[in-house]
Amino acid sequence: MLRFFSGGGGSASPGVKASLNKLFDKYREDIPNSPDEVGVNGSMTYLESIGVDTEGMDCLAVFEILQAPAMGEMSREGFVEGWAALNCDTLDKQKAYVKGLKHTLPTATDTFTRVYKYTFQLAKSGNQKAVPLETATAYWELLFDSPLSAVKWTSPNTPWSAWWIEFLNASWKKSVNKDMWNETLKFAQLTLRDETMSFWNEESSWPSVIDEFVGWIKTEKREGGTTFDLQMVAAKKHVPIVKKHTKRFNRHQSDRFKCVDPSWRKPKGIDNRVRRRFKGQAAMPKIGYGSNRKTRHLMPSGHKAFLVNNTREVDLLLMHNQTYAAEISHAVSARKRIEIITRAKQLGVKVTNGKAKVKTES
């Protein structure tokens with residue numbers, strides 16, 4: 001919306017475009033070979049003349065208006081069309097617009113989003129589809145920490161931006177593609193609304209780097225509740241658990257003969273009345289008694305049991321703590337049980353038998 005505040009938006013008059021073309025020619029460097037481009041030196045000179053900080057976020061905002069092909073470069077078409085849409089055909093008008101832009105940027109979320117997304121185009125080199133990590137982190141620091149930013153990625157208890165850069169430098173060696181770039185902004189905005197990250201779960205379609213960042217925060221930054229205590233993660237929402245048959249199926253005639261074990265065995269006799277399903281006889285298992293596939297094997301808490309023998313196996317549940325609950329194997333010693341329970345609390349993993357063998361030890 002800021003692009004049209006100065007009275008533009010319609011088709012510019014020929015006089016406005018002529019003035020802008022003349023102004024553009026003033027900053028061209030290689031006139032014979034590049035008639036429609038302004039290089040780095042000319043662009044920096046121009047930006048300084050209209051009051052833009054060449055190392056600040058307002059520089060990115062102006063380049064977004066001009067649809068610059070690369071950082072530090074300007075094209076004739078982008079320059080003329082961008083300023084013509086704002087009816088800014090002189091340096092004085094452009095300087096006044098930039099001054100107003102600096103005043104409104106800290107509260108203009110839509111403008112910030114537009115500038116943020118276009119910055120990816122500026123950060124790329126040539127025809128590359130991704131941005132080098134070192135370049136991306138530099139732009140993230142500028143965009144999220146600038147006084148002009150509408151999305152300052154920090155909250156009272158969490159320095160999100162600093163943690164993000166620290167995590168990337170320590171654990172991420174790949175370049176940054178467009179999806180990762182855009183999803184980072186979405187994640188940043190959500191964390192500012194919900195510092196506990198309750199919006200995140202392993203079933204969401206976040207990029208893998210975001211999932212790893214969440215796990216890194218839980219293990220490296222919030223371990224032991226140094227920032228705020230992690231709550232035990234509840235199971236995902238599911239349809240009500242309905243058990244169609246709660247009684248066990250007993251073997252035919254196990255109630256009559258002591259030597260016949262009650263554990264179920266299918267009757268095979270050619271004349272067996274249970275096999276032939278005569279009326280009034282004992283029920284046999286059949287597919288109709290099966291549970292809903294969505295809730296099959298779920299415990300009352302909504303989790304599925306996952307047998308663990310050590311803390312390494314608990315770590316496997318970090319990204320799946322809404323689906324699985326840890327169940328400590330019966331052969332695990334009391335000492336190791338305490339270690340497993342401690343680790344599970346750090347990761348927010350539910351333990352089904354956490355009190356077994358450790359009630360008097362812990």
# chains A, B, ... in the order shown; residues from 1 in each chain; ligands from 1

call {"tool": "residues_around", "arguments": {"residues": "Ser34 of chain A", "least_positions_apart": "3", "cutoff": "12 Å", "atoms": "only C-alpha atoms", "output": "PyMOL selection string"}}
result
chain A and resi 25+27-31+37-39+73-76

call {"tool": "select_by_dssp", "arguments": {"residues": "segment 27-64 of chain A", "states": "alpha helix (DSSP H)", "output": "list in words"}}
result
Val40, Asn41, Gly42, Ser43, Met44, Thr45, Tyr46, Leu47, Glu48, Ser49, Met57, Asp58, Cys59, Leu60, Ala61, Val62, Phe63 and Glu64 of chain A

call {"tool": "write_last_selection", "arguments": {"atoms": "C-alpha atoms", "output": "short mmCIF file (atom, residue, chain, number, x, y, z; two decimals), in the first residue's frame"}}
result
data_model
loop_
_atom_site.label_atom_id
_atom_site.label_comp_id
_atom_site.auth_asym_id
_atom_site.auth_seq_id
_atom_site.Cartn_x
_atom_site.Cartn_y
_atom_site.Cartn_z
CA VAL A 40 27.07 -0.37 -7.97
CA ASN A 41 28.86 2.98 -7.77
CA GLY A 42 26.07 4.87 -9.50
CA SER A 43 23.41 3.16 -7.38
CA MET A 44 25.18 3.97 -4.12
CA THR A 45 25.60 7.60 -5.17
CA TYR A 46 21.92 7.82 -6.06
CA LEU A 47 20.75 6.22 -2.80
CA GLU A 48 22.85 8.60 -0.73
CA SER A 49 21.40 11.55 -2.65
CA MET A 57 16.80 -1.82 5.72
CA ASP A 58 15.52 1.27 3.90
CA CYS A 59 17.98 0.38 1.14
CA LEU A 60 16.21 -2.96 0.67
CA ALA A 61 12.83 -1.21 0.67
CA VAL A 62 13.89 1.19 -2.09
CA PHE A 63 15.35 -1.63 -4.17
CA GLU A 64 12.02 -3.44 -3.83
#

call {"tool": "residues_around", "arguments": {"residues": "Ala188 of chain A", "least_positions_apart": "4", "cutoff": "8 Å", "atoms": "only C-alpha atoms", "output": "list in words"}}
result
Val151, Trp153, Trp160, Thr184 and Leu192 of chain A

call {"tool": "closest_residue", "arguments": {"among": "A:Asn33, A:Ser125, A:Gln253, A:Ser205", "to": "Arg273 of chain A", "atoms": "only C-alpha atoms"}}
result
A:Gln253

call {"tool": "residues_around", "arguments": {"residues": "Ala235 of chain A", "least_positions_apart": "5", "cutoff": "9 Å", "atoms": "only C-alpha atoms", "output": "ChimeraX atom specification"}}
result
/A:301-303,321-325

call {"tool": "write_last_selection", "arguments": {"atoms": "C-alpha atoms", "output": "PDB file, in the first residue's frame"}}
result
ATOM      1  CA  SER A 301      -3.883 -40.692  26.636  1.00  0.00           C
ATOM      2  CA  GLY A 302      -3.940 -40.765  22.829  1.00  0.00           C
ATOM      3  CA  HIS A 303      -0.315 -41.924  22.471  1.00  0.00           C
ATOM      4  CA  ASN A 321       6.235 -36.774  21.210  1.00  0.00           C
ATOM      5  CA  GLN A 322       2.632 -36.092  20.222  1.00  0.00           C
ATOM      6  CA  THR A 323       2.307 -39.522  18.651  1.00  0.00           C
ATOM      7  CA  TYR A 324       4.351 -41.857  20.862  1.00  0.00           C
ATOM      8  CA  ALA A 325       4.868 -42.225  24.594  1.00  0.00           C
TER       9      ALA A 325
END

call {"tool": "closest_residue", "arguments": {"among": "A:Trp216, A:Phe112, A:Tyr139, A:Trp163", "to": "Gln346 of chain A", "atoms": "only C-alpha atoms"}}
result
A:Trp216

call {"tool": "closest_residue", "arguments": {"among": "A:Leu142, A:Ile65, A:Ile50, A:Leu122", "to": "Ser161 of chain A", "atoms": "only C-alpha atoms"}}
result
A:Leu142

call {"tool": "atom_distance", "arguments": {"atom1": "atom CA of Phe213 of chain A", "atom2": "atom CA of Arg193 of chain A"}}
result
17.6 Å

call {"tool": "residues_around", "arguments": {"residues": "Val80 of chain A", "least_positions_apart": "6", "cutoff": "8 Å", "atoms": "only C-alpha atoms", "output": "count of residues only"}}
result
5

call {"tool": "closest_residue", "arguments": {"among": "A:Ala331, A:Met180, A:Leu347, A:Leu105", "to": "Leu143 of chain A", "atoms": "only C-alpha atoms"}}
result
A:Leu105

call {"tool": "closest_residue", "arguments": {"among": "A:Gly56, A:Pro69, A:Pro147, A:Gly348", "to": "Gln121 of chain A", "atoms": "only C-alpha atoms"}}
result
A:Pro69

call {"tool": "closest_residue", "arguments": {"among": "A:Asn201, A:Thr154, A:Thr135, A:Ser333", "to": "Ala234 of chain A", "atoms": "only C-alpha atoms"}}
result
A:Asn201
